Amino acid sequence: MIIDLRSDTLTRPTPGMKEAMFSASIGDDVFGEDPTVNALEEKAAGLFGKEAALFCPSGTMTNQIAIRLHTRIQTEVICHKNSHVYLYEGGGIMSNSLASVKLLEGDLGKIIADQVQAAINPDDVHAPETTLVSLENTMNKGGGSIYKLEEIKPIRKVCDAHGLKLHLDGARLFNALVETGERPADWGAQFDSISICLSKGLGCPVGSLLLGSKADIKRARKVRKVWGGGMRQAGFLAAAGIYALDHHVDRLKEDHLRARALGEMLSQQNYVSEVYPVATNIVIARLEGMAPEDWLKELSAKDIKAVKFGPDLVRFVTHLDFGDDQLEEFGRRISVL
Ligand SMILES: *Cc1c(COP(=O)(O)O)cnc(C)c1O
């Protein structure tokens, strides 16, 4: 048995999810006639108290569409230097939106209101106009770290004071919410747009949602079409999304418990000098005296998979297909490394 902890995107649909997919009512979503896509969009928008939602093939697309909506050519986006929107989206802020980026530092991938305030460009001919702040929760590069709602409110205030939009890359937002117990609608109220991934911890094969105002989502639908993201009988995929929202949110807590146990096991390993605080389902281990490539090879010989996550970092992610049996087996395998 291979224990694959490279990502929470590697999961396969559960039997219940497959059944929901096979029995979905479908239509042509580019015509707006797929009842299951429409139901998913309404359900997600309602959950977060937003007016509308758009179902897209990926979280990269939902983030990039949001950035396109909230910027113009030669304007600037503020985000953490380790943000997915900057690091892992192929420079899309530049190529899709012709916008600049200001990168901020911050512990565990998080930024605070004072930093945002200081990063807003003056009204000066030399500087691009700041139009957007983009946050990420949970923060992948921060080891699945969590923003609390109380940390967001001061940032929202700065945005309001300067006419900036606020976007949330919430690829793993539900991982944060099941830990804090905060309500989705309270998060919806703080942001102009939120991107949610169904294909991460929630276990869907495909799909992300962009949530926002009616007017923004109407524009977003056009951008999605132009970028080739208009899907036809997408109800098969949307059905998986509805199933996941109904059945796979609360269980994220189990992934977090297993991640904590994993973190403890890893911290006892030779060559592991530090494990980032485990807040959700991501475990990042720092190595000393061994290169990540070499450690990954040793792990691979024991049928354990993880990924290099920096010059001396390795990342493990727990997920729907990693149960207590796999956790125990993981412990047995690494105890003899
Ligand atoms: C996975 C992820 C995305 C979107 O990724 P896709 O693979 O394009 O769906 C966006 N942000 C974060 C933080 C992610 O982890």
# chains A, B, ... in the order shown; residues from 1 in each chain; ligands from 1
$ residues_near_ligand --ligand "ligand 1" --cutoff "10 Å" --atoms "only C-alpha atoms and all ligand atoms" --output "ChimeraX atom specification"
/A:7-9,56-64,82-89,135-141,144,168-173,195-201,206-209
$ closest_atom_pairs --of "region 248-289 of chain A" --to "region 308-328 of chain A" --cutoff "8 Å" --atoms "only C-alpha atoms" --output "tab-separated table"
residue	atom	partner	partner_atom	distance
A:Leu252	CA	A:His319	CA	7.9
A:Asp255	CA	A:Thr318	CA	5.5
A:His256	CA	A:Thr318	CA	7.4
A:Arg258	CA	A:Leu327	CA	6.9
A:Ala259	CA	A:Thr318	CA	5.9
A:Leu262	CA	A:Leu327	CA	7.4
A:Asn281	CA	A:Thr318	CA	5.3
A:Ile282	CA	A:Val317	CA	4.6
A:Val283	CA	A:Phe316	CA	5.1
A:Ile284	CA	A:Arg315	CA	4.5
A:Ala285	CA	A:Val314	CA	5.3
A:Arg286	CA	A:Leu313	CA	4.6
A:Leu287	CA	A:Asp312	CA	5.3
A:Glu288	CA	A:Asp312	CA	7.3
$ write_last_selection --atoms "all heavy atoms" --output "compact mmCIF listing (two decimals), in the first residue's frame"
# COMPACT_ATOMS: atom_id res chain seq x y z
N LEU A 252 -13.37 17.11 7.93
CA LEU A 252 -12.04 17.71 7.80
C LEU A 252 -11.31 17.69 9.14
O LEU A 252 -10.09 17.62 9.20
CB LEU A 252 -12.14 19.15 7.28
CG LEU A 252 -12.58 19.31 5.81
CD1 LEU A 252 -12.85 20.78 5.50
CD2 LEU A 252 -11.54 18.75 4.85
N ASP A 255 -8.98 14.89 9.42
CA ASP A 255 -7.70 15.11 8.72
C ASP A 255 -6.75 15.90 9.61
O ASP A 255 -5.54 15.67 9.60
CB ASP A 255 -7.92 15.89 7.42
CG ASP A 255 -8.72 15.11 6.39
OD1 ASP A 255 -8.86 13.89 6.55
OD2 ASP A 255 -9.22 15.73 5.42
N HIS A 256 -7.32 16.85 10.36
CA HIS A 256 -6.47 17.71 11.21
C HIS A 256 -5.89 16.92 12.38
O HIS A 256 -4.73 17.09 12.73
CB HIS A 256 -7.29 18.90 11.72
CG HIS A 256 -7.85 19.75 10.61
ND1 HIS A 256 -8.72 20.79 10.82
CD2 HIS A 256 -7.66 19.71 9.26
CE1 HIS A 256 -9.04 21.35 9.66
NE2 HIS A 256 -8.42 20.71 8.71
N ARG A 258 -5.28 13.72 12.40
CA ARG A 258 -4.23 12.83 11.86
C ARG A 258 -2.98 13.63 11.49
O ARG A 258 -1.86 13.14 11.66
CB ARG A 258 -4.76 12.06 10.65
CG ARG A 258 -5.80 11.03 11.06
CD ARG A 258 -6.31 10.17 9.92
NE ARG A 258 -7.50 9.47 10.41
CZ ARG A 258 -8.73 9.66 9.94
NH1 ARG A 258 -8.95 10.48 8.93
NH2 ARG A 258 -9.74 9.02 10.48
N ALA A 259 -3.18 14.86 11.02
CA ALA A 259 -2.01 15.69 10.69
C ALA A 259 -1.21 15.99 11.95
O ALA A 259 0.02 15.99 11.94
CB ALA A 259 -2.47 16.99 10.02
N LEU A 262 0.73 12.97 12.85
CA LEU A 262 1.81 12.85 11.88
C LEU A 262 2.95 13.80 12.25
O LEU A 262 4.14 13.44 12.20
CB LEU A 262 1.25 13.23 10.51
CG LEU A 262 1.92 12.74 9.27
CD1 LEU A 262 1.58 11.27 9.05
CD2 LEU A 262 1.44 13.56 8.07
N ASN A 281 -4.54 20.57 7.99
CA ASN A 281 -4.18 19.26 7.40
C ASN A 281 -2.81 19.25 6.71
O ASN A 281 -2.51 18.32 5.97
CB ASN A 281 -5.27 18.80 6.41
CG ASN A 281 -5.30 19.66 5.15
OD1 ASN A 281 -4.99 20.86 5.19
ND2 ASN A 281 -5.69 19.07 4.03
N ILE A 282 -2.03 20.30 6.93
CA ILE A 282 -0.72 20.39 6.28
C ILE A 282 0.38 20.29 7.32
O ILE A 282 0.29 20.93 8.38
CB ILE A 282 -0.60 21.71 5.48
CG1 ILE A 282 -1.64 21.72 4.35
CG2 ILE A 282 0.81 21.90 4.92
CD1 ILE A 282 -1.68 23.00 3.53
N VAL A 283 1.38 19.45 7.03
CA VAL A 283 2.50 19.29 7.95
C VAL A 283 3.78 19.59 7.18
O VAL A 283 4.08 18.93 6.18
CB VAL A 283 2.56 17.85 8.51
CG1 VAL A 283 3.67 17.74 9.55
CG2 VAL A 283 1.22 17.43 9.09
N ILE A 284 4.52 20.59 7.64
CA ILE A 284 5.78 20.95 6.98
C ILE A 284 6.93 20.65 7.93
O ILE A 284 6.95 21.13 9.07
CB ILE A 284 5.79 22.43 6.55
CG1 ILE A 284 4.69 22.67 5.51
CG2 ILE A 284 7.15 22.80 5.97
CD1 ILE A 284 4.62 24.08 4.98
N ALA A 285 7.88 19.82 7.46
CA ALA A 285 9.03 19.45 8.27
C ALA A 285 10.28 20.11 7.70
O ALA A 285 10.49 20.11 6.48
CB ALA A 285 9.19 17.94 8.28
N ARG A 286 11.10 20.67 8.60
CA ARG A 286 12.38 21.24 8.18
C ARG A 286 13.48 20.22 8.48
O ARG A 286 13.50 19.60 9.54
CB ARG A 286 12.67 22.54 8.96
CG ARG A 286 13.85 23.32 8.38
CD ARG A 286 14.16 24.57 9.20
NE ARG A 286 13.05 25.53 9.24
CZ ARG A 286 12.70 26.33 8.24
NH1 ARG A 286 13.37 26.32 7.11
NH2 ARG A 286 11.69 27.17 8.38
N LEU A 287 14.37 20.04 7.51
CA LEU A 287 15.43 19.04 7.64
C LEU A 287 16.77 19.70 7.96
O LEU A 287 17.01 20.84 7.54
CB LEU A 287 15.57 18.25 6.34
CG LEU A 287 14.34 17.48 5.85
CD1 LEU A 287 14.67 16.74 4.57
CD2 LEU A 287 13.86 16.51 6.92
N GLU A 288 17.59 18.95 8.68
CA GLU A 288 18.95 19.41 8.94
C GLU A 288 19.87 18.23 8.72
O GLU A 288 19.63 17.15 9.28
CB GLU A 288 19.06 19.92 10.38
CG GLU A 288 20.04 21.07 10.54
CD GLU A 288 20.01 21.58 11.97
OE1 GLU A 288 20.67 20.96 12.83
OE2 GLU A 288 19.31 22.58 12.23
$ select_by_dssp --residues "region 44-274 of chain A" --states "alpha helix (DSSP H)" --output "PyMOL selection string"
chain A and resi 44-47+59-70+84-87+92-97+113-119+149-161+173-180+184-188+214-226+235-247+252-267
$ write_last_selection --atoms "C-alpha atoms" --output "CSV table (one decimal), in the first residue's frame"
chain,number,residue,atom,x,y,z
A,44,ALA,CA,-22.4,28.0,-2.1
A,45,ALA,CA,-23.4,31.6,-2.5
A,46,GLY,CA,-26.1,31.2,0.1
A,47,LEU,CA,-23.8,29.5,2.6
A,59,GLY,CA,-8.9,27.3,-8.1
A,60,THR,CA,-6.3,29.0,-10.3
A,61,MET,CA,-9.1,30.1,-12.6
A,62,THR,CA,-11.3,31.4,-9.8
A,63,ASN,CA,-8.4,33.3,-8.3
A,64,GLN,CA,-7.3,34.7,-11.6
A,65,ILE,CA,-10.8,35.7,-12.6
A,66,ALA,CA,-11.2,37.5,-9.3
A,67,ILE,CA,-7.9,39.4,-9.8
A,68,ARG,CA,-9.0,40.3,-13.3
A,69,LEU,CA,-12.3,41.7,-11.9
A,70,HIS,CA,-10.6,43.8,-9.2
A,84,HIS,CA,-0.5,30.8,-4.2
A,85,VAL,CA,-1.8,33.6,-6.5
A,86,TYR,CA,1.8,34.8,-6.9
A,87,LEU,CA,3.9,31.7,-6.5
A,92,GLY,CA,-1.0,35.1,-14.2
A,93,ILE,CA,-1.4,38.4,-12.4
A,94,MET,CA,1.0,39.8,-15.0
A,95,SER,CA,-0.2,37.9,-18.1
A,96,ASN,CA,-4.0,37.7,-17.4
A,97,SER,CA,-4.5,41.1,-15.8
A,113,ALA,CA,-3.5,45.6,8.5
A,114,ASP,CA,-0.6,48.0,9.3
A,115,GLN,CA,1.6,46.3,6.6
A,116,VAL,CA,-1.2,46.6,4.1
A,117,GLN,CA,-1.7,50.3,5.0
A,118,ALA,CA,2.0,50.9,4.5
A,119,ALA,CA,2.1,49.0,1.1
A,149,LEU,CA,-12.0,36.6,11.4
A,150,GLU,CA,-10.8,39.1,13.9
A,151,GLU,CA,-7.5,39.4,12.0
A,152,ILE,CA,-9.4,40.1,8.8
A,153,LYS,CA,-11.6,42.9,10.0
A,154,PRO,CA,-8.8,45.5,10.4
A,155,ILE,CA,-7.5,44.7,6.9
A,156,ARG,CA,-11.1,45.2,5.6
A,157,LYS,CA,-11.1,48.6,7.3
A,158,VAL,CA,-7.9,49.6,5.6
A,159,CYS,CA,-9.4,48.4,2.2
A,160,ASP,CA,-12.5,50.4,2.8
A,161,ALA,CA,-10.6,53.6,3.8
A,173,LEU,CA,-11.2,27.9,3.8
A,174,PHE,CA,-13.3,25.1,5.2
A,175,ASN,CA,-10.3,23.6,6.9
A,176,ALA,CA,-10.0,26.9,8.8
A,177,LEU,CA,-13.7,27.2,9.6
A,178,VAL,CA,-14.1,23.7,11.1
A,179,GLU,CA,-11.2,24.5,13.5
A,180,THR,CA,-12.4,28.0,14.5
A,184,PRO,CA,-19.1,31.1,6.5
A,185,ALA,CA,-21.5,34.0,6.2
A,186,ASP,CA,-19.3,36.1,8.5
A,187,TRP,CA,-16.4,35.5,6.1
A,188,GLY,CA,-18.6,36.3,3.1
A,214,LYS,CA,-24.3,39.5,-8.8
A,215,ALA,CA,-22.6,42.1,-11.0
A,216,ASP,CA,-19.1,40.7,-10.4
A,217,ILE,CA,-20.2,37.1,-11.1
A,218,LYS,CA,-21.9,38.2,-14.3
A,219,ARG,CA,-18.6,39.7,-15.5
A,220,ALA,CA,-16.7,36.7,-14.2
A,221,ARG,CA,-18.9,34.4,-16.3
A,222,LYS,CA,-17.7,36.3,-19.4
A,223,VAL,CA,-14.1,36.1,-18.4
A,224,ARG,CA,-14.4,32.3,-17.8
A,225,LYS,CA,-15.9,31.9,-21.2
A,226,VAL,CA,-13.1,33.8,-22.9
A,235,GLY,CA,-23.7,18.9,-13.6
A,236,PHE,CA,-21.9,15.6,-13.2
A,237,LEU,CA,-19.1,17.5,-11.5
A,238,ALA,CA,-21.3,19.9,-9.7
A,239,ALA,CA,-23.2,17.0,-8.2
A,240,ALA,CA,-19.9,15.9,-6.5
A,241,GLY,CA,-19.6,19.5,-5.2
A,242,ILE,CA,-23.1,19.4,-3.6
A,243,TYR,CA,-22.3,16.0,-2.1
A,244,ALA,CA,-19.0,17.3,-0.7
A,245,LEU,CA,-20.6,20.4,0.9
A,246,ASP,CA,-23.2,18.1,2.5
A,247,HIS,CA,-20.9,15.2,3.6
A,252,LEU,CA,-12.0,17.7,7.8
A,253,LYS,CA,-11.5,17.7,11.6
A,254,GLU,CA,-10.3,14.1,11.3
A,255,ASP,CA,-7.7,15.1,8.7
A,256,HIS,CA,-6.5,17.7,11.2
A,257,LEU,CA,-6.2,15.2,14.1
A,258,ARG,CA,-4.2,12.8,11.9
A,259,ALA,CA,-2.0,15.7,10.7
A,260,ARG,CA,-1.2,16.5,14.3
A,261,ALA,CA,-0.3,12.9,15.0
A,262,LEU,CA,1.8,12.9,11.9
A,263,GLY,CA,3.6,16.0,13.0
A,264,GLU,CA,4.5,14.4,16.3
A,265,MET,CA,5.9,11.3,14.6
A,266,LEU,CA,7.9,13.5,12.2
A,267,SER,CA,9.3,15.7,14.9
$ closest_residue --among "A:Ala99, A:Val278, A:Val133, A:Val37" --to "Ile146 (chain A)" --atoms "only C-alpha atoms"
A:Val278
$ atom_distance --atom1 "CA of Lys302 (chain A)" --atom2 "CA of Gly331 (chain A)"
11.3 Å
$ select_by_dssp --residues "region 12-111 of chain A" --states "strand (DSSP E)" --output "MDAnalysis selection string"
chainID A and resid 52:56 75:80 100:104
$ write_last_selection --atoms "N, CA, C and O atoms" --output "PDB file, in the first residue's frame"
ATOM      1  N   ALA A  52     -24.028  35.661  -5.527  1.00  0.00           N
ATOM      2  CA  ALA A  52     -23.904  34.732  -6.657  1.00  0.00           C
ATOM      3  C   ALA A  52     -22.590  33.976  -6.595  1.00  0.00           C
ATOM      4  O   ALA A  52     -21.689  34.326  -5.833  1.00  0.00           O
ATOM      5  N   ALA A  53     -22.518  32.913  -7.433  1.00  0.00           N
ATOM      6  CA  ALA A  53     -21.302  32.098  -7.485  1.00  0.00           C
ATOM      7  C   ALA A  53     -21.103  31.595  -8.904  1.00  0.00           C
ATOM      8  O   ALA A  53     -22.040  31.568  -9.717  1.00  0.00           O
ATOM      9  N   LEU A  54     -19.875  31.212  -9.192  1.00  0.00           N
ATOM     10  CA  LEU A  54     -19.527  30.679 -10.518  1.00  0.00           C
ATOM     11  C   LEU A  54     -18.678  29.434 -10.354  1.00  0.00           C
ATOM     12  O   LEU A  54     -17.653  29.457  -9.662  1.00  0.00           O
ATOM     13  N   PHE A  55     -19.120  28.340 -10.981  1.00  0.00           N
ATOM     14  CA  PHE A  55     -18.403  27.057 -10.921  1.00  0.00           C
ATOM     15  C   PHE A  55     -17.329  27.034 -12.002  1.00  0.00           C
ATOM     16  O   PHE A  55     -17.628  27.266 -13.175  1.00  0.00           O
ATOM     17  N   CYS A  56     -16.095  26.783 -11.605  1.00  0.00           N
ATOM     18  CA  CYS A  56     -14.964  26.817 -12.554  1.00  0.00           C
ATOM     19  C   CYS A  56     -14.158  25.528 -12.457  1.00  0.00           C
ATOM     20  O   CYS A  56     -14.223  24.811 -11.464  1.00  0.00           O
ATOM     21  N   THR A  75      -2.372  48.528 -12.640  1.00  0.00           N
ATOM     22  CA  THR A  75      -2.662  48.713 -11.219  1.00  0.00           C
ATOM     23  C   THR A  75      -1.897  47.639 -10.443  1.00  0.00           C
ATOM     24  O   THR A  75      -1.172  46.839 -11.043  1.00  0.00           O
ATOM     25  N   GLU A  76      -2.050  47.613  -9.098  1.00  0.00           N
ATOM     26  CA  GLU A  76      -1.213  46.717  -8.291  1.00  0.00           C
ATOM     27  C   GLU A  76      -2.020  45.926  -7.251  1.00  0.00           C
ATOM     28  O   GLU A  76      -2.964  46.436  -6.661  1.00  0.00           O
ATOM     29  N   VAL A  77      -1.576  44.683  -7.049  1.00  0.00           N
ATOM     30  CA  VAL A  77      -2.182  43.779  -6.065  1.00  0.00           C
ATOM     31  C   VAL A  77      -1.222  43.644  -4.884  1.00  0.00           C
ATOM     32  O   VAL A  77      -0.023  43.447  -5.092  1.00  0.00           O
ATOM     33  N   ILE A  78      -1.743  43.703  -3.670  1.00  0.00           N
ATOM     34  CA  ILE A  78      -0.933  43.443  -2.472  1.00  0.00           C
ATOM     35  C   ILE A  78      -1.220  42.024  -1.991  1.00  0.00           C
ATOM     36  O   ILE A  78      -2.387  41.638  -1.828  1.00  0.00           O
ATOM     37  N   CYS A  79      -0.150  41.235  -1.752  1.00  0.00           N
ATOM     38  CA  CYS A  79      -0.339  39.901  -1.167  1.00  0.00           C
ATOM     39  C   CYS A  79       0.938  39.448  -0.466  1.00  0.00           C
ATOM     40  O   CYS A  79       1.986  40.068  -0.624  1.00  0.00           O
ATOM     41  N   HIS A  80       0.835  38.363   0.294  1.00  0.00           N
ATOM     42  CA  HIS A  80       2.028  37.795   0.942  1.00  0.00           C
ATOM     43  C   HIS A  80       2.945  37.214  -0.125  1.00  0.00           C
ATOM     44  O   HIS A  80       2.470  36.703  -1.143  1.00  0.00           O
ATOM     45  N   SER A 100       0.591  44.701 -11.605  1.00  0.00           N
ATOM     46  CA  SER A 100       1.806  44.528 -10.822  1.00  0.00           C
ATOM     47  C   SER A 100       1.455  43.915  -9.457  1.00  0.00           C
ATOM     48  O   SER A 100       0.284  43.863  -9.079  1.00  0.00           O
ATOM     49  N   VAL A 101       2.483  43.447  -8.738  1.00  0.00           N
ATOM     50  CA  VAL A 101       2.255  42.828  -7.424  1.00  0.00           C
ATOM     51  C   VAL A 101       3.192  43.443  -6.406  1.00  0.00           C
ATOM     52  O   VAL A 101       4.376  43.638  -6.689  1.00  0.00           O
ATOM     53  N   LYS A 102       2.685  43.740  -5.204  1.00  0.00           N
ATOM     54  CA  LYS A 102       3.564  44.110  -4.094  1.00  0.00           C
ATOM     55  C   LYS A 102       3.525  42.989  -3.072  1.00  0.00           C
ATOM     56  O   LYS A 102       2.460  42.630  -2.566  1.00  0.00           O
ATOM     57  N   LEU A 103       4.703  42.428  -2.792  1.00  0.00           N
ATOM     58  CA  LEU A 103       4.793  41.243  -1.941  1.00  0.00           C
ATOM     59  C   LEU A 103       5.186  41.633  -0.526  1.00  0.00           C
ATOM     60  O   LEU A 103       6.151  42.370  -0.325  1.00  0.00           O
ATOM     61  N   LEU A 104       4.445  41.108   0.443  1.00  0.00           N
ATOM     62  CA  LEU A 104       4.727  41.404   1.853  1.00  0.00           C
ATOM     63  C   LEU A 104       5.266  40.165   2.567  1.00  0.00           C
ATOM     64  O   LEU A 104       4.978  39.031   2.185  1.00  0.00           O
TER      65      LEU A 104
END
$ atom_distance --atom1 "CA of His167 (chain A)" --atom2 "CA of Asp28 (chain A)"
29.2 Å
$ closest_residue --among "A:Glu42, A:Ile2, A:Ala306, A:Glu293" --to "Gly212 (chain A)" --atoms "only C-alpha atoms"
A:Glu42
$ residues_around --residues "Lys18 (chain A)" --least-positions-apart "2" --cutoff "10 Å" --atoms "only C-alpha atoms" --output "ChimeraX atom specification"
/A:12-16,20-24,204-205,236-237,239-240,243
$ atom_distance --atom1 "CA of Phe330 (chain A)" --atom2 "CA of Gly142 (chain A)"
23.5 Å
$ closest_residue --among "A:Asn38, A:Ser134, A:Ala127, A:Ile112" --to "Asp192 (chain A)" --atoms "only C-alpha atoms"
A:Ser134
$ closest_residue --among "A:Ser193, A:Gln233, A:Ser145, A:Gln74" --to "Val125 (chain A)" --atoms "only C-alpha atoms"
A:Gln74
$ decode --residues "region 104-201 of chain A" --atoms "C-alpha atoms" --output "short mmCIF file (atom, residue, chain, number, x, y, z; two decimals), in the first residue's frame"
data_model
loop_
_atom_site.label_atom_id
_atom_site.label_comp_id
_atom_site.auth_asym_id
_atom_site.auth_seq_id
_atom_site.Cartn_x
_atom_site.Cartn_y
_atom_site.Cartn_z
CA LEU A 104 4.73 41.40 1.85
CA GLU A 105 6.56 39.35 4.48
CA GLY A 106 4.74 37.84 7.46
CA ASP A 107 4.89 34.91 9.88
CA LEU A 108 3.34 31.67 8.65
CA GLY A 109 2.25 33.34 5.45
CA LYS A 110 0.00 35.91 7.08
CA ILE A 111 -0.04 39.71 6.78
CA ILE A 112 -1.59 42.36 9.03
CA ALA A 113 -3.49 45.60 8.47
CA ASP A 114 -0.56 47.95 9.28
CA GLN A 115 1.55 46.29 6.59
CA VAL A 116 -1.25 46.60 4.06
CA GLN A 117 -1.71 50.27 4.95
CA ALA A 118 2.02 50.92 4.47
CA ALA A 119 2.09 49.05 1.14
CA ILE A 120 -0.60 51.15 -0.53
CA ASN A 121 1.02 53.30 -3.20
CA PRO A 122 0.75 57.08 -3.02
CA ASP A 123 -1.12 58.96 -5.72
CA ASP A 124 2.08 59.53 -7.67
CA VAL A 125 2.90 59.36 -11.37
CA HIS A 126 5.68 56.84 -10.68
CA ALA A 127 3.58 54.26 -8.88
CA PRO A 128 0.91 51.80 -10.07
CA GLU A 129 -2.44 52.42 -8.41
CA THR A 130 -3.14 49.89 -5.64
CA THR A 131 -6.57 48.32 -6.23
CA LEU A 132 -6.63 44.91 -4.56
CA VAL A 133 -5.52 42.97 -1.48
CA SER A 134 -5.48 39.18 -1.75
CA LEU A 135 -5.33 36.91 1.31
CA GLU A 136 -5.13 33.11 1.62
CA ASN A 137 -6.84 30.95 4.29
CA THR A 138 -5.63 28.44 5.20
CA MET A 139 -2.17 29.44 4.08
CA ASN A 140 -0.51 26.59 2.20
CA LYS A 141 3.08 27.86 2.50
CA GLY A 142 2.43 28.74 6.14
CA GLY A 143 1.83 25.07 6.91
CA GLY A 144 -1.95 25.30 6.73
CA SER A 145 -2.01 28.27 9.11
CA ILE A 146 -5.33 29.91 9.95
CA TYR A 147 -6.50 33.52 9.80
CA LYS A 148 -9.13 34.33 12.42
CA LEU A 149 -12.00 36.59 11.41
CA GLU A 150 -10.77 39.14 13.94
CA GLU A 151 -7.50 39.41 11.99
CA ILE A 152 -9.40 40.08 8.77
CA LYS A 153 -11.59 42.94 10.04
CA PRO A 154 -8.76 45.51 10.45
CA ILE A 155 -7.54 44.65 6.93
CA ARG A 156 -11.07 45.17 5.58
CA LYS A 157 -11.12 48.58 7.30
CA VAL A 158 -7.90 49.63 5.56
CA CYS A 159 -9.35 48.45 2.24
CA ASP A 160 -12.55 50.42 2.80
CA ALA A 161 -10.62 53.55 3.76
CA HIS A 162 -8.64 53.40 0.50
CA GLY A 163 -11.23 52.04 -1.92
CA LEU A 164 -9.44 48.68 -2.31
CA LYS A 165 -11.10 45.36 -3.07
CA LEU A 166 -10.41 42.36 -0.85
CA HIS A 167 -10.17 38.84 -2.30
CA LEU A 168 -9.80 35.57 -0.40
CA ASP A 169 -8.06 32.53 -1.85
CA GLY A 170 -10.06 30.11 0.25
CA ALA A 171 -8.86 26.93 -1.45
CA ARG A 172 -8.85 25.43 2.06
CA LEU A 173 -11.17 27.88 3.82
CA PHE A 174 -13.34 25.06 5.19
CA ASN A 175 -10.27 23.60 6.92
CA ALA A 176 -10.00 26.89 8.81
CA LEU A 177 -13.72 27.16 9.56
CA VAL A 178 -14.08 23.68 11.06
CA GLU A 179 -11.24 24.53 13.46
CA THR A 180 -12.43 28.00 14.53
CA GLY A 181 -16.16 27.32 14.38
CA GLU A 182 -16.61 30.65 12.58
CA ARG A 183 -19.59 31.00 10.24
CA PRO A 184 -19.12 31.08 6.46
CA ALA A 185 -21.52 34.04 6.18
CA ASP A 186 -19.34 36.12 8.51
CA TRP A 187 -16.43 35.48 6.15
CA GLY A 188 -18.55 36.29 3.13
CA ALA A 189 -19.33 39.68 4.66
CA GLN A 190 -15.64 40.66 4.83
CA PHE A 191 -14.63 39.95 1.24
CA ASP A 192 -15.56 41.22 -2.21
CA SER A 193 -14.82 37.78 -3.60
CA ILE A 194 -13.95 34.33 -2.24
CA SER A 195 -12.52 31.34 -4.10
CA ILE A 196 -13.33 27.90 -2.67
CA CYS A 197 -11.79 24.63 -3.89
CA LEU A 198 -13.94 21.50 -4.01
CA SER A 199 -11.05 19.37 -5.26
CA LYS A 200 -8.84 19.69 -2.16
CA GLY A 201 -9.90 18.41 1.26
#
